[in-house]
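A.B. asks: Before I ask anything, let me first share the structure, which is written out below as structure tokens.
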Amino acid sequence: MNIKINPVHFKADMKLETFIKEKLQKLPVLYEGVIGSEVMLKLANSETRDNKVVEIRLLVRGYDLFAKKQAKTFEEATDQSIEALRKQLIRHKEKIRGL
């Protein structure tokens, strides 16, 4: 699976990129139609501590799944986004089987 990580206006360290890649590598196990993913890492302009934003677009054959989460750390936001994508992927898989 092809994974592109794009930090916006900062340089992400290798530890964070490795964490994200390891989490994303688990998704194709659920559905074989996963082609790749695009990850955007942003710092939101908010006054709260929950200013880390992770947007993940999961490229699936003929369809794209998307999740955007905001949390205190990029790791936490990544976990929440991956969980949302996992649920979407299961629903998409069931929908395809039902056809």
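Residue numbering restarts at 1 for every chain of the structure tokens, chains are lettered A, B, ... in their displayed order, and ligands are numbered from 1 as they appear.
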Identify, on the basis of only C-alpha atoms, every residue whose closest approach to Ala84 in chain A does not exceed 12 Å; exclude the query and any residue fewer than 3 positions from it along the same chain; express the result as a PyMOL selection string.

C.D. replies: chain A and resi 27+54-58+65-69+77-81+87-91

A.B. asks: For Val8 in chain A, find every residue with an atom within 12 Å (counting only C-alpha atoms), except residues of its own chain fewer than 6 positions away, and show them as JSON, numbers by chain.

C.D. replies: {"A": [39, 40, 41, 42, 43, 44, 52, 53, 54, 55]}

A.B. asks: Compare A:Ile96, A:Ile3, A:Leu24, A:Ala71 by their minimum atom-to-atom distance to Ser37 in chain A, counting only C-alpha atoms, and give me the closest one.

C.D. replies: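 With only C-alpha atoms as the atom set, the closest residue is A:Ile3.
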
A.B. asks: Which is closest to Val29 in chain A among A:Arg86, A:Lys4, A:Arg97, A:His92, if we use only C-alpha atoms?

C.D. replies: A:Arg86

A.B. asks: For Pro7 in chain A, which residue out of A:Phe74, A:Lys26, A:Lys95, A:Arg49 is the nearest one, using only C-alpha atoms?

C.D. replies: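 Looking at the shortest contact to Pro7 in chain A, the residue is A:Phe74.
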
A.B. asks: Would you return as a ChimeraX atom specification the members of range 8-87 of chain A that DSSP assigns to alpha helix (DSSP H) on this structure's backbone?

C.D. replies: /A:14-24,74-87

A.B. asks: From a DSSP pass on the backbone, collect the residues of chain A flagged as strand (DSSP E or B) and hand them back as a PyMOL selection string.

C.D. replies: chain A and resi 2-7+34-43+52-60+63-71
